[in-house]
Amino acid sequence: GQQLNQSPQSMFIQEGEDVSMNCTSSSIFNTWLWYKQDPGEGPVLLIALYKAGELTSNGRLTAQFGITRKDSFLNISASIPSDVGIYFCAGQLADYGGSQGNLIFGKGTKLSVKP
Amino acid sequence: GAGVSQTPSNKVTEKGKYVELRCDPISGHTALYWYRQSLGQGPEFLIYFQGTGAADDSGLPNDRFFAVRPEGSVSTLKIQRTERGDSAVYLCASSPGSQSTYNEQFFGPGTRLTVL
């Protein structure tokens with residue numbers, strides 16, 4: 001099936017640091033979404049992107065829809081302890097047809113606090 | 001405001017039994033999705049409803065899995081003859097649907113299914 005390659009798989013953060021993660025694919029997407037999931041809970045939508053090249057911010061989070069439509073990145077600035085969790089990218093394939101449809105998810109980037 | 005709710009939060013069953021998982025979407029959302037999430041993985045698509053009809057069921061792994069949404073709101077995912085490999089967290093999501101050009105999907109907390 002279709003796959004999204006999400007990296008890094010895990011990373012450690014220290015309070016105040018900036019964090020970057022990205023997703024790539026060999027397929028073209030018409031929608032990119034970024035979610036955060038805490039243990040025992042469902043994914044929470046952080047940012048949605050709908051146009052190639054689009055750059056969108058939500059507080060300390062910034063995400064971009066790659067111009068090739070095959071990738072997206074998420075940046076977190078000045079990280080705080082509550083940023084720990086698992087971040088997922090998700091996309092809807094461009095050839096799915098229509099504005100609605102299933103999302104394909106990456107395997108997640110796990111953010112932990114540096115010991 | 002009320003988000004997506006799912007019941008039960010946990011379900012333990014024995015191999016071979018039948019289970020039903022319920023999803024109550026955000027009021028007014030016409031699109032409803034079921035995903036399955038295994039440990040250490042991202043959610044994987046199962047089925048998508050637009051209104052009462054299944055618009056895409058290509059993610060259902062086999063004919064033991066079935067889902068309904070008879071009135072276009074609440075949905076039930078049904079699993080027959082459960083197997084240990086069915087153990088996972090089953091997530092439900094809803095979105096505004098075909099009246100929107102945006103595919104923002106909002107997830108419930110999930111049902112953790114354990115098949116012994």
# chains A, B, ... in the order shown; residues from 1 in each chain; ligands from 1
$ interface_residues --of "chain B" --to "chain A" --cutoff "7 Å" --atoms "only C-alpha atoms" --output "list of chain:residue names"
B:Gln41, B:Gly42, B:Pro43, B:Glu44, B:Phe45, B:Tyr48, B:Gly97, B:Ser98, B:Thr101, B:Tyr102, B:Asn103, B:Glu104, B:Phe106, B:Phe107, B:Gly108, B:Pro109, B:Gly110
$ write_last_selection --atoms "N, CA, C and O atoms" --output "PDB file, in the first residue's frame"
ATOM      1  N   GLN B  41       2.478   2.098  15.453  1.00  0.00           N
ATOM      2  CA  GLN B  41       2.149   2.424  14.066  1.00  0.00           C
ATOM      3  C   GLN B  41       1.196   3.607  13.993  1.00  0.00           C
ATOM      4  O   GLN B  41       0.566   3.975  14.983  1.00  0.00           O
ATOM      5  N   GLY B  42       1.086   4.178  12.809  1.00  0.00           N
ATOM      6  CA  GLY B  42       0.067   5.184  12.588  1.00  0.00           C
ATOM      7  C   GLY B  42      -1.266   4.527  12.297  1.00  0.00           C
ATOM      8  O   GLY B  42      -1.334   3.330  11.999  1.00  0.00           O
ATOM      9  N   PRO B  43      -2.355   5.293  12.395  1.00  0.00           N
ATOM     10  CA  PRO B  43      -3.667   4.735  12.069  1.00  0.00           C
ATOM     11  C   PRO B  43      -3.727   4.245  10.622  1.00  0.00           C
ATOM     12  O   PRO B  43      -3.131   4.852   9.727  1.00  0.00           O
ATOM     13  N   GLU B  44      -4.460   3.141  10.411  1.00  0.00           N
ATOM     14  CA  GLU B  44      -4.667   2.594   9.069  1.00  0.00           C
ATOM     15  C   GLU B  44      -6.153   2.612   8.747  1.00  0.00           C
ATOM     16  O   GLU B  44      -6.978   2.161   9.544  1.00  0.00           O
ATOM     17  N   PHE B  45      -6.470   3.092   7.575  1.00  0.00           N
ATOM     18  CA  PHE B  45      -7.850   3.277   7.143  1.00  0.00           C
ATOM     19  C   PHE B  45      -8.590   1.951   7.024  1.00  0.00           C
ATOM     20  O   PHE B  45      -8.044   0.956   6.514  1.00  0.00           O
ATOM     21  N   TYR B  48     -14.980   4.384   5.124  1.00  0.00           N
ATOM     22  CA  TYR B  48     -15.397   5.786   5.128  1.00  0.00           C
ATOM     23  C   TYR B  48     -16.863   5.854   4.709  1.00  0.00           C
ATOM     24  O   TYR B  48     -17.260   5.253   3.711  1.00  0.00           O
ATOM     25  N   GLY B  97     -17.559  16.744   5.690  1.00  0.00           N
ATOM     26  CA  GLY B  97     -18.092  15.950   4.602  1.00  0.00           C
ATOM     27  C   GLY B  97     -18.159  16.690   3.292  1.00  0.00           C
ATOM     28  O   GLY B  97     -17.483  17.694   3.081  1.00  0.00           O
ATOM     29  N   SER B  98     -19.006  16.203   2.411  1.00  0.00           N
ATOM     30  CA  SER B  98     -18.984  16.635   1.013  1.00  0.00           C
ATOM     31  C   SER B  98     -19.368  18.095   0.832  1.00  0.00           C
ATOM     32  O   SER B  98     -19.129  18.668  -0.218  1.00  0.00           O
ATOM     33  N   THR B 101     -14.869  21.755   1.259  1.00  0.00           N
ATOM     34  CA  THR B 101     -13.721  21.443   0.399  1.00  0.00           C
ATOM     35  C   THR B 101     -12.535  20.978   1.233  1.00  0.00           C
ATOM     36  O   THR B 101     -11.491  20.676   0.693  1.00  0.00           O
ATOM     37  N   TYR B 102     -12.702  20.958   2.549  1.00  0.00           N
ATOM     38  CA  TYR B 102     -11.597  20.621   3.427  1.00  0.00           C
ATOM     39  C   TYR B 102     -11.817  19.265   4.072  1.00  0.00           C
ATOM     40  O   TYR B 102     -12.939  18.907   4.418  1.00  0.00           O
ATOM     41  N   ASN B 103     -10.719  18.520   4.246  1.00  0.00           N
ATOM     42  CA  ASN B 103     -10.802  17.168   4.773  1.00  0.00           C
ATOM     43  C   ASN B 103     -10.177  17.099   6.159  1.00  0.00           C
ATOM     44  O   ASN B 103      -9.346  16.247   6.429  1.00  0.00           O
ATOM     45  N   GLU B 104     -10.601  18.018   7.045  1.00  0.00           N
ATOM     46  CA  GLU B 104     -10.086  17.992   8.402  1.00  0.00           C
ATOM     47  C   GLU B 104     -10.842  16.933   9.182  1.00  0.00           C
ATOM     48  O   GLU B 104     -12.049  17.056   9.403  1.00  0.00           O
ATOM     49  N   PHE B 106     -11.458  14.780  12.603  1.00  0.00           N
ATOM     50  CA  PHE B 106     -11.324  14.908  14.045  1.00  0.00           C
ATOM     51  C   PHE B 106     -11.579  13.533  14.669  1.00  0.00           C
ATOM     52  O   PHE B 106     -12.619  12.913  14.406  1.00  0.00           O
ATOM     53  N   PHE B 107     -10.653  13.101  15.502  1.00  0.00           N
ATOM     54  CA  PHE B 107     -10.670  11.746  16.019  1.00  0.00           C
ATOM     55  C   PHE B 107     -11.284  11.650  17.410  1.00  0.00           C
ATOM     56  O   PHE B 107     -11.185  12.578  18.224  1.00  0.00           O
ATOM     57  N   GLY B 108     -11.867  10.490  17.673  1.00  0.00           N
ATOM     58  CA  GLY B 108     -12.303  10.143  19.016  1.00  0.00           C
ATOM     59  C   GLY B 108     -11.150   9.528  19.789  1.00  0.00           C
ATOM     60  O   GLY B 108     -10.049   9.360  19.253  1.00  0.00           O
ATOM     61  N   PRO B 109     -11.399   9.144  21.048  1.00  0.00           N
ATOM     62  CA  PRO B 109     -10.336   8.596  21.898  1.00  0.00           C
ATOM     63  C   PRO B 109      -9.974   7.151  21.574  1.00  0.00           C
ATOM     64  O   PRO B 109      -8.948   6.659  22.029  1.00  0.00           O
ATOM     65  N   GLY B 110     -10.821   6.487  20.792  1.00  0.00           N
ATOM     66  CA  GLY B 110     -10.527   5.115  20.413  1.00  0.00           C
ATOM     67  C   GLY B 110     -11.114   4.079  21.344  1.00  0.00           C
ATOM     68  O   GLY B 110     -11.463   4.364  22.497  1.00  0.00           O
TER      69      GLY B 110
END
$ residues_around --residues "range 26-30 of chain A" --least-positions-apart "3" --cutoff "6 Å" --atoms "only C-alpha atoms" --output "number ranges by chain"
A: 69-70, 92-94
$ atom_distance --atom1 "CA of Ser7 in chain A" --atom2 "CA of Ser87 in chain B"
26.6 Å
$ residues_around --residues "Pro61 in chain B" --least-positions-apart "5" --cutoff "10 Å" --atoms "only C-alpha atoms" --output "PDB file with N, CA and C atoms, in the first residue's frame"
ATOM      1  N   PHE B  45      -6.470   3.092   7.575  1.00  0.00           N
ATOM      2  CA  PHE B  45      -7.850   3.277   7.143  1.00  0.00           C
ATOM      3  C   PHE B  45      -8.590   1.951   7.024  1.00  0.00           C
ATOM      4  N   LEU B  46      -9.852   1.947   7.474  1.00  0.00           N
ATOM      5  CA  LEU B  46     -10.718   0.785   7.312  1.00  0.00           C
ATOM      6  C   LEU B  46     -11.870   1.088   6.361  1.00  0.00           C
ATOM      7  N   PHE B  66     -17.343  -5.492   9.365  1.00  0.00           N
ATOM      8  CA  PHE B  66     -18.472  -4.839   8.716  1.00  0.00           C
ATOM      9  C   PHE B  66     -18.834  -3.605   9.519  1.00  0.00           C
ATOM     10  N   ASP B  86      -6.658  -9.244  15.613  1.00  0.00           N
ATOM     11  CA  ASP B  86      -7.562  -8.094  15.560  1.00  0.00           C
ATOM     12  C   ASP B  86      -7.308  -7.124  16.708  1.00  0.00           C
TER      13      ASP B  86
END
$ decode --residues "range 28-50 of chain A" --atoms "N, CA, C and O atoms" --output "tab-separated table (two decimals), in the first residue's frame"
chain	number	residue	atom	x	y	z
A	28	ILE	N	1.81	11.79	-5.00
A	28	ILE	CA	1.39	13.18	-4.89
A	28	ILE	C	0.16	13.28	-4.01
A	28	ILE	O	-0.79	12.50	-4.16
A	29	PHE	N	0.16	14.25	-3.10
A	29	PHE	CA	-0.95	14.44	-2.18
A	29	PHE	C	-1.63	15.79	-2.43
A	29	PHE	O	-0.99	16.75	-2.84
A	30	ASN	N	-2.94	15.86	-2.14
A	30	ASN	CA	-3.64	17.13	-2.24
A	30	ASN	C	-3.98	17.72	-0.88
A	30	ASN	O	-4.52	18.82	-0.79
A	31	THR	N	-3.68	16.98	0.17
A	31	THR	CA	-3.92	17.44	1.54
A	31	THR	C	-2.83	16.86	2.43
A	31	THR	O	-2.49	15.68	2.30
A	32	TRP	N	-2.31	17.71	3.32
A	32	TRP	CA	-1.39	17.23	4.36
A	32	TRP	C	-1.95	17.71	5.71
A	32	TRP	O	-2.35	18.88	5.85
A	33	LEU	N	-1.96	16.81	6.66
A	33	LEU	CA	-2.41	17.14	8.01
A	33	LEU	C	-1.35	16.69	9.01
A	33	LEU	O	-0.67	15.67	8.78
A	34	TRP	N	-1.21	17.43	10.09
A	34	TRP	CA	-0.31	17.04	11.17
A	34	TRP	C	-1.13	16.86	12.44
A	34	TRP	O	-1.94	17.73	12.80
A	35	TYR	N	-0.90	15.73	13.12
A	35	TYR	CA	-1.61	15.39	14.35
A	35	TYR	C	-0.61	15.13	15.47
A	35	TYR	O	0.53	14.72	15.23
A	36	LYS	N	-1.08	15.31	16.71
A	36	LYS	CA	-0.31	14.92	17.90
A	36	LYS	C	-1.17	13.93	18.69
A	36	LYS	O	-2.37	14.14	18.85
A	37	GLN	N	-0.52	12.87	19.17
A	37	GLN	CA	-1.24	11.86	19.93
A	37	GLN	C	-0.54	11.63	21.26
A	37	GLN	O	0.66	11.35	21.30
A	38	ASP	N	-1.30	11.75	22.34
A	38	ASP	CA	-0.81	11.45	23.68
A	38	ASP	C	-1.23	10.03	24.04
A	38	ASP	O	-2.20	9.50	23.48
A	39	PRO	N	-0.53	9.40	24.98
A	39	PRO	CA	-0.85	8.01	25.34
A	39	PRO	C	-2.32	7.82	25.74
A	39	PRO	O	-2.86	8.60	26.52
A	40	GLY	N	-2.96	6.83	25.16
A	40	GLY	CA	-4.33	6.50	25.53
A	40	GLY	C	-5.38	7.42	24.93
A	40	GLY	O	-6.56	7.31	25.29
A	41	GLU	N	-4.97	8.29	24.03
A	41	GLU	CA	-5.92	9.23	23.44
A	41	GLU	C	-5.87	9.14	21.92
A	41	GLU	O	-4.97	8.55	21.34
A	42	GLY	N	-6.87	9.76	21.29
A	42	GLY	CA	-6.88	9.81	19.85
A	42	GLY	C	-6.01	10.94	19.33
A	42	GLY	O	-5.66	11.85	20.08
A	43	PRO	N	-5.63	10.90	18.05
A	43	PRO	CA	-4.84	11.99	17.47
A	43	PRO	C	-5.61	13.31	17.50
A	43	PRO	O	-6.81	13.33	17.24
A	44	VAL	N	-4.89	14.39	17.78
A	44	VAL	CA	-5.48	15.72	17.81
A	44	VAL	C	-4.92	16.52	16.64
A	44	VAL	O	-3.69	16.59	16.45
A	45	LEU	N	-5.79	17.11	15.85
A	45	LEU	CA	-5.36	17.86	14.67
A	45	LEU	C	-4.64	19.14	15.07
A	45	LEU	O	-5.14	19.93	15.88
A	46	LEU	N	-3.45	19.33	14.49
A	46	LEU	CA	-2.64	20.52	14.77
A	46	LEU	C	-2.75	21.53	13.63
A	46	LEU	O	-3.00	22.71	13.84
A	47	ILE	N	-2.46	21.07	12.42
A	47	ILE	CA	-2.40	21.96	11.26
A	47	ILE	C	-2.88	21.19	10.03
A	47	ILE	O	-2.57	20.01	9.88
A	48	ALA	N	-3.61	21.88	9.15
A	48	ALA	CA	-4.07	21.31	7.88
A	48	ALA	C	-3.54	22.17	6.73
A	48	ALA	O	-3.55	23.40	6.82
A	49	LEU	N	-3.08	21.53	5.66
A	49	LEU	CA	-2.49	22.21	4.51
A	49	LEU	C	-3.17	21.70	3.25
A	49	LEU	O	-3.34	20.49	3.07
A	50	TYR	N	-3.51	22.64	2.32
A	50	TYR	CA	-4.29	22.23	1.16
A	50	TYR	C	-3.71	22.68	-0.18
A	50	TYR	O	-4.22	22.29	-1.23
